[in-house]
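> I am sharing upload-v4.cif, which consists of mmCIF, C-alpha atoms:
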data_structure
loop_
_atom_site.label_atom_id
_atom_site.label_comp_id
_atom_site.auth_asym_id
_atom_site.auth_seq_id
_atom_site.Cartn_x
_atom_site.Cartn_y
_atom_site.Cartn_z
CA MET A 1 3.36 111.22 73.65
CA ILE A 2 4.07 107.64 72.53
CA ASN A 3 2.45 106.31 75.72
CA GLN A 4 -0.35 108.85 75.45
CA LEU A 5 -0.99 107.82 71.88
CA THR A 6 -1.26 104.11 72.58
CA ARG A 7 -3.44 104.66 75.64
CA LEU A 8 -5.84 106.46 73.33
CA PHE A 9 -5.82 103.42 71.03
CA THR A 10 -7.29 101.24 73.76
CA MET A 11 -9.89 103.87 74.66
CA MET A 12 -10.84 104.65 71.09
CA PHE A 13 -12.69 101.60 69.95
CA CYS A 14 -12.10 106.29 71.58
CA LEU A 15 -21.22 98.08 73.94
CA SER A 16 -28.05 91.40 73.93
CA PRO A 17 -31.05 92.23 72.64
CA VAL A 18 -32.77 91.35 75.94
CA ALA A 19 -30.49 93.63 77.95
CA TYR A 20 -31.18 96.62 75.72
CA THR A 21 -34.91 96.17 75.15
CA GLN A 22 -36.13 99.07 77.25
CA ALA A 23 -33.50 101.48 76.00
CA ALA A 24 -33.93 100.61 72.34
CA VAL A 25 -37.71 100.77 72.10
CA GLN A 26 -38.99 104.30 71.63
CA SER A 27 -41.97 104.98 73.85
CA THR A 28 -44.75 107.47 73.16
CA PRO A 29 -44.90 110.32 75.70
CA ALA A 30 -47.93 110.06 77.94
CA VAL A 31 -50.45 112.92 77.92
CA THR A 32 -51.83 113.57 81.38
CA ASP A 33 -54.54 115.79 82.80
CA ALA A 34 -52.94 117.75 85.63
CA GLU A 35 -56.25 118.57 87.35
CA SER A 36 -57.54 114.99 87.53
CA THR A 37 -54.15 113.51 88.41
CA THR A 38 -53.78 115.60 91.51
CA GLN A 39 -56.98 114.07 92.92
CA LEU A 40 -55.44 110.58 93.13
CA ASN A 41 -53.69 109.44 96.27
CA ALA A 42 -50.39 107.52 96.23
CA SER A 43 -51.91 104.02 96.43
CA GLU A 44 -54.36 104.75 93.60
CA THR A 45 -51.57 106.13 91.40
CA LEU A 46 -49.47 103.01 92.05
CA ALA A 47 -52.39 100.70 91.23
CA ILE A 48 -52.97 102.48 87.92
CA ALA A 49 -49.29 102.30 87.05
CA GLU A 50 -49.22 98.55 87.72
CA LYS A 51 -52.34 98.05 85.59
CA VAL A 52 -50.85 100.03 82.71
CA GLU A 53 -47.68 97.92 82.89
CA GLN A 54 -49.78 94.74 82.69
CA LEU A 55 -51.76 95.99 79.71
CA ASN A 56 -48.69 97.42 77.93
CA PRO A 57 -45.77 95.05 78.37
CA VAL A 58 -42.37 95.95 76.96
CA ILE A 59 -42.43 95.28 73.23
CA PRO A 60 -39.74 92.73 72.32
CA LEU A 61 -37.14 93.74 69.79
CA SER A 62 -37.68 92.78 66.19
CA VAL A 63 -35.29 90.43 64.43
CA ASP A 64 -33.82 93.41 62.56
CA GLN A 65 -33.24 95.35 65.80
CA GLN A 66 -31.55 92.37 67.41
CA ALA A 67 -29.33 91.90 64.37
CA ALA A 68 -28.34 95.59 64.44
CA ILE A 69 -27.33 95.46 68.11
CA MET A 70 -25.27 92.31 67.62
CA SER A 71 -23.64 93.49 64.38
CA PRO A 72 -20.37 94.75 66.01
CA LEU A 73 -19.63 91.07 66.78
CA THR A 74 -19.60 90.25 63.06
CA ALA A 75 -16.15 88.90 62.17
CA HIS A 76 -14.08 91.77 60.79
CA THR A 77 -10.69 93.41 60.48
CA ALA A 78 -9.81 97.11 60.47
CA LYS A 79 -6.58 98.96 59.77
CA TYR A 80 -5.83 102.53 60.91
CA THR A 81 -3.15 105.08 60.09
CA VAL A 82 -1.81 107.17 62.98
CA TYR A 83 -0.77 110.82 62.57
CA TYR A 84 0.75 113.46 64.83
CA GLY A 85 -0.39 116.64 63.13
CA SER A 86 0.33 115.77 59.50
CA ILE A 87 3.25 113.47 60.36
CA GLU A 88 2.50 109.77 59.88
CA LEU A 89 3.63 107.72 62.87
CA GLY A 90 2.54 104.20 61.98
CA GLU A 91 -0.48 101.93 61.94
CA ALA A 92 -2.84 99.94 64.13
CA ASN A 93 -4.80 96.78 63.30
CA TYR A 94 -7.85 95.14 64.86
CA ARG A 95 -9.11 91.60 64.25
CA LEU A 96 -12.25 89.87 65.49
CA PRO A 97 -12.57 86.28 64.17
CA ALA A 98 -15.95 84.57 63.86
CA SER A 99 -17.34 82.59 66.79
CA ASP A 100 -20.10 79.98 66.86
CA SER A 101 -19.78 79.22 70.58
CA GLY A 102 -20.28 82.62 72.22
CA TYR A 103 -16.56 82.74 73.09
CA TYR A 104 -14.61 85.52 71.35
CA VAL A 105 -11.00 86.58 70.94
CA TYR A 106 -10.41 90.22 69.93
CA GLU A 107 -6.89 91.30 68.96
CA PHE A 108 -5.08 94.60 68.49
CA ASN A 109 -1.57 95.30 67.19
CA SER A 110 0.12 98.67 66.71
CA ASP A 111 3.53 99.81 65.53
CA VAL A 112 4.31 103.53 65.77
CA SER A 113 7.60 105.39 65.65
CA LEU A 114 9.03 108.91 65.54
CA LEU A 115 12.70 109.45 64.73
CA MET A 116 14.55 107.11 67.13
CA LEU A 117 11.49 106.43 69.26
CA SER A 118 9.37 103.32 68.81
CA ASP A 119 6.38 101.67 70.43
CA GLU A 120 4.80 98.29 69.62
CA ARG A 121 1.68 96.96 71.30
CA HIS A 122 0.01 93.54 71.18
CA LEU A 123 -3.34 93.25 72.94
CA LYS A 124 -5.69 90.28 73.20
CA SER A 125 -9.09 90.16 74.86
CA GLU A 126 -10.99 86.95 75.52
CA PHE A 127 -14.64 87.32 76.46
CA THR A 128 -18.00 85.58 76.28
CA LEU A 129 -21.48 86.52 75.17
CA GLU A 130 -23.91 85.64 77.96
CA ASN A 131 -27.61 86.52 77.73
CA GLY A 132 -26.77 89.22 75.23
CA LYS A 133 -24.05 90.82 77.38
CA LEU A 134 -20.31 90.84 76.88
CA VAL A 135 -18.50 89.35 79.88
CA PRO A 136 -14.68 89.69 80.10
CA PHE A 137 -12.60 86.58 80.75
CA ARG A 138 -8.91 87.35 80.13
CA TYR A 139 -6.88 90.32 78.86
CA ILE A 140 -3.22 90.53 77.83
CA HIS A 141 -1.28 93.67 76.87
CA GLU A 142 2.37 93.43 75.78
CA ARG A 143 4.42 96.57 75.11
CA THR A 144 7.94 96.83 73.60
CA GLY A 145 10.00 99.72 72.24
CA THR A 146 11.76 102.82 73.56
CA GLY A 147 11.80 102.85 77.34
CA SER A 148 10.72 99.98 79.57
CA ASP A 149 9.04 96.91 78.13
CA TYR A 150 6.18 95.50 80.15
CA THR A 151 3.21 93.14 80.19
CA GLU A 152 -0.23 93.61 81.69
CA GLN A 153 -2.47 90.60 82.34
CA THR A 154 -5.95 90.53 83.84
CA ALA A 155 -8.20 87.55 84.66
CA PHE A 156 -11.86 88.16 85.46
CA ALA A 157 -12.82 85.41 87.91
CA LYS A 158 -16.55 86.01 88.10
CA ALA A 159 -17.28 82.79 90.02
CA GLN A 160 -14.73 83.76 92.69
CA ALA A 161 -15.89 87.41 92.70
CA PHE A 162 -12.35 88.69 92.06
CA ILE A 163 -10.36 90.35 89.31
CA HIS A 164 -6.71 89.26 89.26
CA THR A 165 -4.40 91.71 87.50
CA ILE A 166 -0.64 92.00 87.00
CA TYR A 167 0.93 95.20 85.67
CA LYS A 168 4.70 95.64 85.33
CA GLN A 169 5.21 92.51 87.48
CA GLU A 170 3.10 93.91 90.31
CA ALA A 171 0.03 91.81 91.17
CA LEU A 172 -3.23 93.02 92.64
CA LYS A 173 -6.60 91.44 93.41
CA LEU A 174 -9.67 93.63 92.92
CA PRO A 175 -13.28 92.88 93.85
CA TYR A 176 -15.32 91.74 90.85
CA GLN A 177 -17.86 94.24 89.57
CA GLU A 178 -20.74 93.83 87.16
CA LYS A 179 -20.47 95.83 83.96
CA VAL A 180 -16.70 96.07 84.17
CA PHE A 181 -14.61 95.62 81.02
CA ASP A 182 -11.08 95.38 79.78
CA PRO A 183 -9.79 98.26 77.61
CA LEU A 184 -10.14 96.29 74.36
CA MET A 185 -13.48 94.46 74.43
CA VAL A 186 -15.18 97.57 75.84
CA GLN A 187 -14.91 98.99 72.33
CA LEU A 188 -17.31 96.32 71.08
CA GLN A 189 -19.68 96.91 74.00
CA PHE A 190 -19.65 100.62 73.22
CA ARG A 191 -20.55 99.96 69.59
CA MET A 192 -23.39 97.63 70.65
CA ASP A 193 -24.71 100.30 73.00
CA LEU A 194 -24.69 102.87 70.21
CA ALA A 195 -26.69 100.47 68.03
CA ALA A 196 -29.15 99.91 70.90
CA ASN A 197 -29.39 103.63 71.79
CA THR A 198 -28.43 102.76 75.36
CA ARG A 199 -27.83 105.65 77.74
CA PRO A 200 -25.79 106.62 79.64
CA LEU A 201 -22.67 105.69 77.70
CA ASP A 202 -20.41 105.16 80.70
CA TYR A 203 -18.02 102.29 81.38
CA LYS A 204 -15.65 100.92 83.99
CA MET A 205 -12.36 99.54 82.70
CA VAL A 206 -9.61 97.64 84.51
CA LYS A 207 -6.35 99.22 83.39
CA GLU A 208 -2.94 99.44 85.04
CA LYS A 209 -4.19 97.96 88.36
CA GLU A 210 -7.04 100.46 88.60
CA VAL A 211 -10.69 100.68 87.63
CA ASP A 212 -11.12 103.78 85.47
CA ASP A 213 -14.42 105.43 84.53
CA TYR A 214 -15.12 106.73 81.03
CA GLU A 215 -18.19 108.56 79.74
CA PHE A 216 -19.17 109.43 76.17
CA ARG A 217 -21.73 111.69 74.51
CA VAL A 218 -23.18 111.58 70.97
CA LEU A 219 -22.89 115.13 69.57
CA GLY A 220 -24.48 114.77 66.14
CA LYS A 221 -24.18 113.45 62.60
CA GLU A 222 -21.39 114.31 60.14
CA THR A 223 -20.24 113.28 56.68
CA LEU A 224 -16.52 112.52 56.87
CA THR A 225 -14.14 112.18 53.91
CA LEU A 226 -10.82 110.38 54.45
CA ASN A 227 -8.25 108.83 52.13
CA SER A 228 -10.11 105.52 52.46
CA GLY A 229 -13.49 106.95 51.45
CA THR A 230 -16.49 109.02 52.50
CA TYR A 231 -18.51 107.92 55.52
CA GLU A 232 -21.79 108.93 57.14
CA THR A 233 -20.91 109.11 60.82
CA VAL A 234 -22.00 110.16 64.27
CA LYS A 235 -19.54 112.26 66.26
CA VAL A 236 -18.87 111.25 69.86
CA GLU A 237 -16.91 113.10 72.52
CA VAL A 238 -15.17 111.90 75.64
CA VAL A 239 -16.90 113.66 78.53
CA ARG A 240 -14.52 115.31 80.99
CA GLU A 241 -14.85 117.71 83.90
CA ALA A 242 -15.00 121.34 82.82
CA LYS A 243 -11.49 122.11 84.05
CA LYS A 244 -9.99 119.07 82.26
CA ALA A 245 -12.06 119.70 79.12
CA LYS A 246 -10.29 123.04 78.64
CA LYS A 247 -6.95 121.23 78.40
CA ARG A 248 -7.89 118.05 76.55
CA GLN A 249 -10.54 117.20 73.97
CA THR A 250 -11.09 113.84 72.30
CA TYR A 251 -13.59 113.12 69.52
CA PHE A 252 -14.59 109.94 67.66
CA TRP A 253 -16.48 109.48 64.41
CA MET A 254 -18.38 106.17 64.20
CA ALA A 255 -20.04 104.83 61.03
CA PRO A 256 -23.49 103.29 61.71
CA ASP A 257 -23.50 101.50 58.34
CA LEU A 258 -20.29 99.74 59.41
CA ALA A 259 -21.74 98.47 62.73
CA TYR A 260 -20.46 101.68 64.34
CA LEU A 261 -16.87 100.98 63.41
CA PRO A 262 -14.76 104.02 64.36
CA VAL A 263 -13.43 105.78 61.27
CA ARG A 264 -11.53 108.60 62.96
CA LEU A 265 -10.23 109.85 66.31
CA SER A 266 -8.91 113.36 66.94
CA HIS A 267 -7.26 114.39 70.19
CA PHE A 268 -6.17 117.87 71.25
CA SER A 269 -3.98 118.84 74.19
CA LYS A 270 -4.18 122.44 75.34
CA GLY A 271 -5.56 123.36 71.93
CA SER A 272 -2.31 122.59 70.16
CA LYS A 273 -1.13 119.46 68.38
CA GLN A 274 -3.67 117.12 66.88
CA LEU A 275 -3.39 113.39 67.32
CA ASP A 276 -5.29 111.86 64.42
CA ILE A 277 -6.15 108.19 63.85
CA GLN A 278 -7.92 107.43 60.57
CA LEU A 279 -9.48 104.30 59.10
CA ALA A 280 -7.38 103.02 56.21
CA SER A 281 -9.24 99.82 55.31
CA TYR A 282 -11.78 97.35 56.70
CA HIS A 283 -13.42 94.03 55.89
CA PHE A 284 -16.55 92.34 57.28
CA GLU A 285 -16.99 88.63 56.59
CA LYS A 286 -20.78 88.93 56.30
CA PRO A 287 -23.21 91.64 55.12
CA LEU A 288 -24.29 93.99 57.89
CA PRO A 289 -27.94 94.70 58.80
CA PRO A 290 -29.40 98.22 58.62
CA MET A 291 -29.11 100.33 61.78
CA THR A 292 -31.98 101.96 63.64
CA PRO A 293 -31.87 105.80 63.91
CA ILE A 294 -29.51 106.91 66.64
CA VAL A 295 -30.40 109.18 69.56
CA ILE A 296 -28.40 112.42 69.51
CA ASP A 297 -27.39 113.76 72.93
CA GLY A 298 -26.00 117.08 71.69
CA PRO A 299 -23.15 119.03 73.32
CA ALA A 300 -22.96 119.10 77.10
CA THR A 301 -22.54 122.87 77.10
CA GLU A 302 -22.71 125.72 74.62
CA HIS A 303 -19.18 126.67 75.65
CA ALA A 304 -17.59 123.35 74.64
CA PRO A 305 -14.42 123.82 72.56
CA ALA A 306 -15.06 123.91 68.83
CA LEU A 307 -13.28 121.16 66.95
CA ASP A 308 -12.96 123.21 63.76
CA ALA A 309 -11.25 126.01 65.68
CA LEU A 310 -8.80 123.58 67.27
CA ALA A 311 -8.06 121.99 63.91
CA ALA A 312 -7.41 125.40 62.36
CA GLU A 313 -4.84 126.17 65.05
CA THR A 314 -2.86 123.05 64.17
CA GLU A 315 -3.33 122.96 60.40
CA ASN A 316 -0.19 124.95 59.66
CA ASP A 317 1.81 123.66 62.61
CA ALA A 318 2.99 120.21 61.55
CA GLU A 319 6.61 120.71 62.61
CA ILE A 320 7.72 119.38 65.98
CA SER A 321 9.67 121.84 68.11
CA GLU A 322 12.70 120.87 70.20
CA SER A 323 10.73 121.31 73.42
CA GLU A 324 7.98 119.01 72.13
CA LEU A 325 10.54 116.42 71.07
CA ASP A 326 12.07 116.49 74.55
CA GLU A 327 8.60 115.98 76.03
CA ILE A 328 7.92 113.06 73.69
CA LYS A 329 11.23 111.44 74.65
CA GLN A 330 10.41 111.80 78.34
CA LEU A 331 6.92 110.35 77.92
CA ALA A 332 8.28 107.41 75.94
CA GLU A 333 10.72 106.61 78.74
CA ASP A 334 8.07 106.72 81.51
#
Kindly transcribe the structure held in the file into structure tokens.

Amino acid sequence: MINQLTRLFTMMFCLSPVAYTQAAVQSTPAVTDAESTTQLNASETLAIAEKVEQLNPVIPLSVDQQAAIMSPLTAHTAKYTVYYGSIELGEANYRLPASDSGYYVYEFNSDVSLLMLSDERHLKSEFTLENGKLVPFRYIHERTGTGSDYTEQTAFAKAQAFIHTIYKQEALKLPYQEKVFDPLMVQLQFRMDLAANTRPLDYKMVKEKEVDDYEFRVLGKETLTLNSGTYETVKVEVVREAKKAKKRQTYFWMAPDLAYLPVRLSHFSKGSKQLDIQLASYHFEKPLPPMTPIVIDGPATEHAPALDALAAETENDAEISESELDEIKQLAED
């Protein structure tokens, strides 16, 4: 559970104006005459389409839209409290200093413990902003605590077309891919994509010598009240295969007015215990611009597990059984 918990940390946060122009601008649906359209051959249809594109070029983003998309890169800090059911395990902190050069350093630190078990993580992501896109440069992940200590380091050598990664002293060289991220800076890319209404929300991350795929879906809007305040949020789910979705469900609540800063994560395993990460405090160094209305994807299926039902199952089950404690110990030692 300790390892599971901290893996969720890196997934939780669980995305340039030019790059997002087409996705962000809302187009008006075209009204066509079915009878007349069928009389055109392929070459005539193509010629008309090219003419329409010339007469109606893509509208550039306004200054306000550009500012909204770039707002997650505003210098800020955020502190989170971590719970297992109603039991407080510890805290996690994020820090993104200001940058005037297009070179950024994003940091994460966590310290969680349960009885005699402990887990500390220190993550640092170095990346650049190039033509409005986030490009990874170097990633470091240091873990200490119960079980084996280890370090993970990844260098993204774009010019050499390779990704060099070392995990638990084992090195591997992977082919470089466009739109690939490290597990920390991808959180900022995700927030930028939400602000730009980019779809699909899917990402490739280099983690533990592998390239993992993650996909997200915006379910709807919710007002969320936590100890730190009340937030207007959008709820996001981690998309999984139907068989896996029956065993695990993960939800995020992101606050548009806070540059889509995550304010809560809830994770369920087999409908039982709830892993809960809640925003405790935050600070932005500059005022944030207003966000454009977000596109709601809705649930993937009508039969998706209901979060309220899962929460009700765990509300009165805050105690940890001996079997669960044994499982946590084993996971912490892996």
> Need to verify the contact set: A:Ala280, 8 Å, all atoms listed in the file, exclusion of same-chain residues closer than 2 positions in sequence. Can you return it as a PyMOL selection string?
chain A and resi 78-81+227-228+278+282
> Check what the PyMOL selection byres ((chain A and resi 298) around 7) selects in the file above and give those residues as a ChimeraX atom specification.
/A:218-220,296-297,299-300
> List as a list in words the residues having at least one atom at most 7 Å from position (-0.9, 99.4, 63.9) as given in the file, counting all atoms listed in the file.
Tyr80, Gly90, Glu91, Ala92, Asn93, Asn109, Ser110, Asp111 and Val112 of chain A
> Between A:Leu224, A:Leu279, A:Val211, A:Tyr103, which is the closest to A:Glu130 once you count only C-alpha atoms?
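The closest residue to A:Glu130 is A:Tyr103.
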> Starting from the displayed file, determine the output of the PyMOL selection byres ((chain A and resi 234-244) around 10) and express the residue list as a ChimeraX atom specification.
/A:11-12,14,194,201-202,214-224,231-233,245-256,260,262,264-267,270,294-301,303-304
